[in-house]
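Novice: Starting off with a structure, shown below.
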Amino acid sequence: MSRRAGILASEAGWSDRRATGALPGQPRRLGINRNFQRCAEVSSAELVVVLGSDDRLLPDFVGRVRQVAERYPDAAFIHTGARIVDAAGRPGTSLVDRVKALTAPRVRGSARLGGERLAASLLRGNWMYFPSVAFRRDVLLRHGFRPGYDIVLDLDLYLRILRDGGDAVLLERPGIEYRRHPDSLSSARAGDGSRFAEERAFFAEAAAEFAALGWRRAARAARWHLTSRLHVLCKLPGLLASGDLGAARTMLRGALTAVHAGPRAASQLPTPPGPAKEFPVDDH
């Protein structure tokens, strides 16, 4: 593989000798956000993919991405999409993936999108699969991953790139196998409700920032964040069955109300993140 494309693992201990970047083993766990930031910092190729340790590239991924990058030299990132597999590697799907398929733009071959149109689409439902995205390294380093976000860190990154004038190339044919299983961070945090608390705070901030920018469709999509709220409603039967009435009540209240732009100054755009720092993480 040439230095035009690099692949880094998002968990220490995984490496690919063919990749031009590899994440050095960590003496301590960084947590998902700072781990992703470290991947960006140690990358060296022009195109960078942060691949989960349980996902898998399809054989033609690198070649296709390089060809598309040459065809669209000014695009900030390329989204290839994903083929869904279960924990055992068998083809599968889930309600989340079916909703992603319904909310994603229809693409034949490839399409270039950006600005408010793409931002509003992603805020209605984040249909992108992060491990299938190849970023221009300079764009990834300029924006980075903001500390404090673990679930929406990918959506936050896409939106900041779009606000800065970047755009994306979307490909019709999947480039990776994305493993969907109940032990993932997003699945675990959906069960205890913390995922939705993070999402709600993020959408309130995004609504204020896009309103200040004059992107009214994007601001409205952030205020309503319909797919996130529907996801909450899908989790309620399980909480009720387990007897966790307090969590169910809190999640229901959040699902039934749209967020409003908070008092934070919308013109106060986020600053680039600093270098990844180590901190202890509970293995359990």
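So you can find residues: chains in the structure tokens are A, B, ... in the order shown, residues in each start at 1, and ligands are numbered from 1 in order.
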So that I can check the surroundings of A:Gly89, please list as a PyMOL selection string every protein, DNA and RNA residue that reaches within 12 Å of it, counting only C-alpha atoms and ignoring chain neighbours fewer than 6 positions away.

Specialist: chain A and resi 54-56+83+177-181

Novice: For those residues, write N, CA and C atoms to a file as a PDB file, in the first residue's frame.

Specialist:
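Output saved as selection-v2.pdb:
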ATOM      1  N   ASP A  54     -13.349  -4.647  15.454  1.00  0.00           N
ATOM      2  CA  ASP A  54     -14.252  -5.737  15.094  1.00  0.00           C
ATOM      3  C   ASP A  54     -14.913  -5.529  13.737  1.00  0.00           C
ATOM      4  N   ASP A  55     -14.452  -4.539  12.970  1.00  0.00           N
ATOM      5  CA  ASP A  55     -14.948  -4.318  11.611  1.00  0.00           C
ATOM      6  C   ASP A  55     -13.917  -4.817  10.605  1.00  0.00           C
ATOM      7  N   ARG A  56     -14.329  -4.959   9.343  1.00  0.00           N
ATOM      8  CA  ARG A  56     -13.432  -5.541   8.351  1.00  0.00           C
ATOM      9  C   ARG A  56     -13.584  -4.827   7.009  1.00  0.00           C
ATOM     10  N   ARG A  83     -21.607  -3.066   4.805  1.00  0.00           N
ATOM     11  CA  ARG A  83     -22.393  -4.300   4.799  1.00  0.00           C
ATOM     12  C   ARG A  83     -22.473  -4.766   6.253  1.00  0.00           C
ATOM     13  N   GLU A 177     -17.296  -4.327   6.184  1.00  0.00           N
ATOM     14  CA  GLU A 177     -18.267  -5.101   6.947  1.00  0.00           C
ATOM     15  C   GLU A 177     -18.314  -4.508   8.345  1.00  0.00           C
ATOM     16  N   TYR A 178     -19.493  -4.036   8.741  1.00  0.00           N
ATOM     17  CA  TYR A 178     -19.681  -3.387  10.038  1.00  0.00           C
ATOM     18  C   TYR A 178     -20.348  -4.385  10.976  1.00  0.00           C
ATOM     19  N   ARG A 179     -19.675  -4.661  12.083  1.00  0.00           N
ATOM     20  CA  ARG A 179     -20.179  -5.682  13.002  1.00  0.00           C
ATOM     21  C   ARG A 179     -21.142  -5.059  14.013  1.00  0.00           C
ATOM     22  N   ARG A 180     -22.374  -5.540  14.016  1.00  0.00           N
ATOM     23  CA  ARG A 180     -23.397  -5.050  14.935  1.00  0.00           C
ATOM     24  C   ARG A 180     -23.588  -6.080  16.046  1.00  0.00           C
ATOM     25  N   HIS A 181     -23.282  -5.714  17.269  1.00  0.00           N
ATOM     26  CA  HIS A 181     -23.428  -6.656  18.388  1.00  0.00           C
ATOM     27  C   HIS A 181     -23.772  -5.905  19.672  1.00  0.00           C
TER      28      HIS A 181
END

Novice: Set the distance at 12 Å and use only C-alpha atoms: which residues neighbour A:Arg217 once local chain neighbours fewer than 2 positions away are removed? I'd like the list as an MDAnalysis selection string.

Specialist: chainID A and resid 115:124 206:207 210:211 213:215 219:225

Novice: Given only C-alpha atoms as the basis, pick out the residue of A:Asn33, A:Ser132, A:Asn126, A:Thr93 nearest to A:Val49.

Specialist: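 The closest residue to A:Val49 is A:Ser132.
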
Novice: So, counting only C-alpha atoms, which residue among A:Val139, A:Ile161, A:Ile84, A:Val169 is closest to A:Ser110?

Specialist: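 Result for the nearest residue to A:Ser110: A:Val169.
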
Novice: Just the residues within 12 Å of A:Asp97, please, counting only C-alpha atoms, with nothing from its chain fewer than 5 positions along; format it as a list in words.

Specialist: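 Listing them by chain and then by number gives Gly81, Ala82, Arg83, Ile84, Val85, Asp86, Gly92, Leu102, Thr103, Ala104, Gly125, Asn126, Trp127, Met128, Tyr129, Tyr178, Arg179, Arg180, Thr227 and His231 of chain A.
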
Novice: How would the residues just chosen look if you wrote them out with C-alpha atoms as a compact mmCIF listing (two decimals), in the first residue's frame?

Specialist:
# COMPACT_ATOMS: atom_id res chain seq x y z
CA GLY A 81 -21.09 2.69 3.45
CA ALA A 82 -21.17 -0.73 5.06
CA ARG A 83 -22.39 -4.30 4.80
CA ILE A 84 -23.85 -5.36 8.17
CA VAL A 85 -22.76 -8.56 9.90
CA ASP A 86 -23.55 -9.99 13.33
CA GLY A 92 -27.58 -9.42 9.23
CA LEU A 102 -34.31 4.76 4.93
CA THR A 103 -32.80 8.13 5.93
CA ALA A 104 -29.64 8.01 3.79
CA GLY A 125 -30.59 10.62 11.37
CA ASN A 126 -26.86 9.82 11.38
CA TRP A 127 -26.89 7.25 8.58
CA MET A 128 -23.10 7.23 8.10
CA TYR A 129 -20.91 4.33 9.26
CA TYR A 178 -19.68 -3.39 10.04
CA ARG A 179 -20.18 -5.68 13.00
CA ARG A 180 -23.40 -5.05 14.93
CA THR A 227 -34.55 9.28 14.89
CA HIS A 231 -34.72 5.19 19.37

Novice: In terms of the shortest atom-to-atom distance over only C-alpha atoms, which of A:Val65, A:Ala197, A:Ala76, A:Leu226 is closest to A:Leu113?

Specialist: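 That would be A:Ala76, the residue with the smallest distance to A:Leu113.
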